[in-house]
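Colleague: After the structure tokens below, expect a handful of questions from me.
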Amino acid sequence: MTKHEIIIEGYSHTHAKSIAEHLFEGVPEEVVRSQREELLTLGPDEVFSVCALSGSQVVGVCTGVRMKWFGSRHRVEMVQVVVGENHRGRGIAHQMMRKIAEHFSAGGIEIIQISTESGNEVAIKAYQKIGFIQIGLLKNGLKHDSEYSDEVMMAAPIESFLI
Ligand SMILES: CC(C)(COP(=O)(O)OP(=O)(O)OC[C@H]1O[C@@H](n2cnc3c(N)ncnc32)[C@H](O)[C@@H]1OP(=O)(O)O)[C@@H](O)C(=O)NCCC(=O)NCCS
């Protein structure tokens, strides 16, 4: 595989096809498109979605969502963080999070949050290395069909992403 320089750019609907083909295998393009459109209709002060590109191929996605309610408006949560299998461990998730932190930095955001299933050791290790600290464990916090698992909740100050 030829190694292209990785470029991080804001999500646009032209990325949906590559996400469906290369990253979320088996998820139809219309589903990728509608999931993101549902998030993005909130507007860029509330949600910012980025893609990591190697050439024209999307090799990573990450979306930052600002908390909605009074008292929590200084927090952004990173959701749907996925990097293609062949591109992991090279700092792509970290780069995408930096881009999102930069986007929100002027808007009064202080805390970046992320969460993952307690059994996802790869993600937990990567997030710790990025600077996230575990702040809680929500028993049965995740439910897929009727299967429950625990959710590890993590947070980091926005400054740690801004260099
Ligand atoms: C979790 C995931 C998004 C991380 O993406 P990534 O691009 O590999 O992460 P990064 O390379 O930016 O990792 C950040 C740091 O952790 C390190 N790291 C990554 N994987 C690691 C591992 N398995 N063990 C130890 N360190 C690891 C990286 O080297 C990097 O260190 P650096 O900042 O010193 O360079 C990716 O593994 C993934 O897509 N997993 C499948 C989907 C998933 O589980 N998503 C999370 C759902 S919340």
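By convention here, the chains of the structure tokens are called A, B, ... in the order presented, each chain's residues are numbered starting at 1, and ligands are numbered starting at 1 in the order presented.
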Can you pull out every residue within 6 Å of stretch 158-161 of chain A, counting only C-alpha atoms, but drop anything in the same chain fewer than 5 positions away, and send it as a ChimeraX atom specification?

Modeller: /A:98,110-112

Colleague: If we count only C-alpha atoms, what is near A:Lys3 at a cut-off of 10 Å, once residues fewer than 4 positions away on the same chain are taken out, given as a VMD selection string?

Modeller: chain A and resid 54 to 55 87

Colleague: Set the cut-off to 12 Å, count only C-alpha atoms and all ligand atoms, and list whatever residues fall near ligand 1 as JSON, numbers by chain.

Modeller: {"A": [6, 23, 24, 51, 52, 59, 60, 61, 62, 63, 77, 78, 79, 80, 81, 82, 83, 84, 85, 86, 87, 88, 89, 90, 91, 92, 93, 94, 95, 96, 97, 98, 113, 114, 115, 116, 117, 118, 119, 120, 121, 122, 123, 124, 125, 126, 127, 128, 129, 130, 131, 132, 142, 151, 152, 153, 154, 160, 161]}

Colleague: Quick one: of A:Lys139, A:Arg73, A:Lys99, A:Arg66, who's nearest to A:Tyr11, counting only C-alpha atoms?

Modeller: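 So, comparing all the options, the nearest one is A:Lys99.
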
Colleague: I need the residues of chain A that end up classed as strand (DSSP E or B) by DSSP on the backbone, written out as a PyMOL selection string.

Modeller: chain A and resi 6-10+47-54+57-66+75-83+111-117+133-144+147-157

Colleague: Between atom CA of A:Ile7 and atom CA of A:Pro28, what is the distance in Å, rounded to a tenth?

Modeller: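 These two atoms are separated by 24.3 Å.
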
Colleague: Point out the residue among A:Val32, A:Val27, A:Ile133, A:Val65 with the least atom-to-atom distance to A:Pro157, counting only C-alpha atoms.

Modeller: A:Ile133

Colleague: Counting only C-alpha atoms, figure out which residue out of A:Leu39, A:Ile135, A:Ile19, A:Met67 gets nearest to A:Leu53.

Modeller: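 With only C-alpha atoms as the atom set, the closest residue is A:Ile19.
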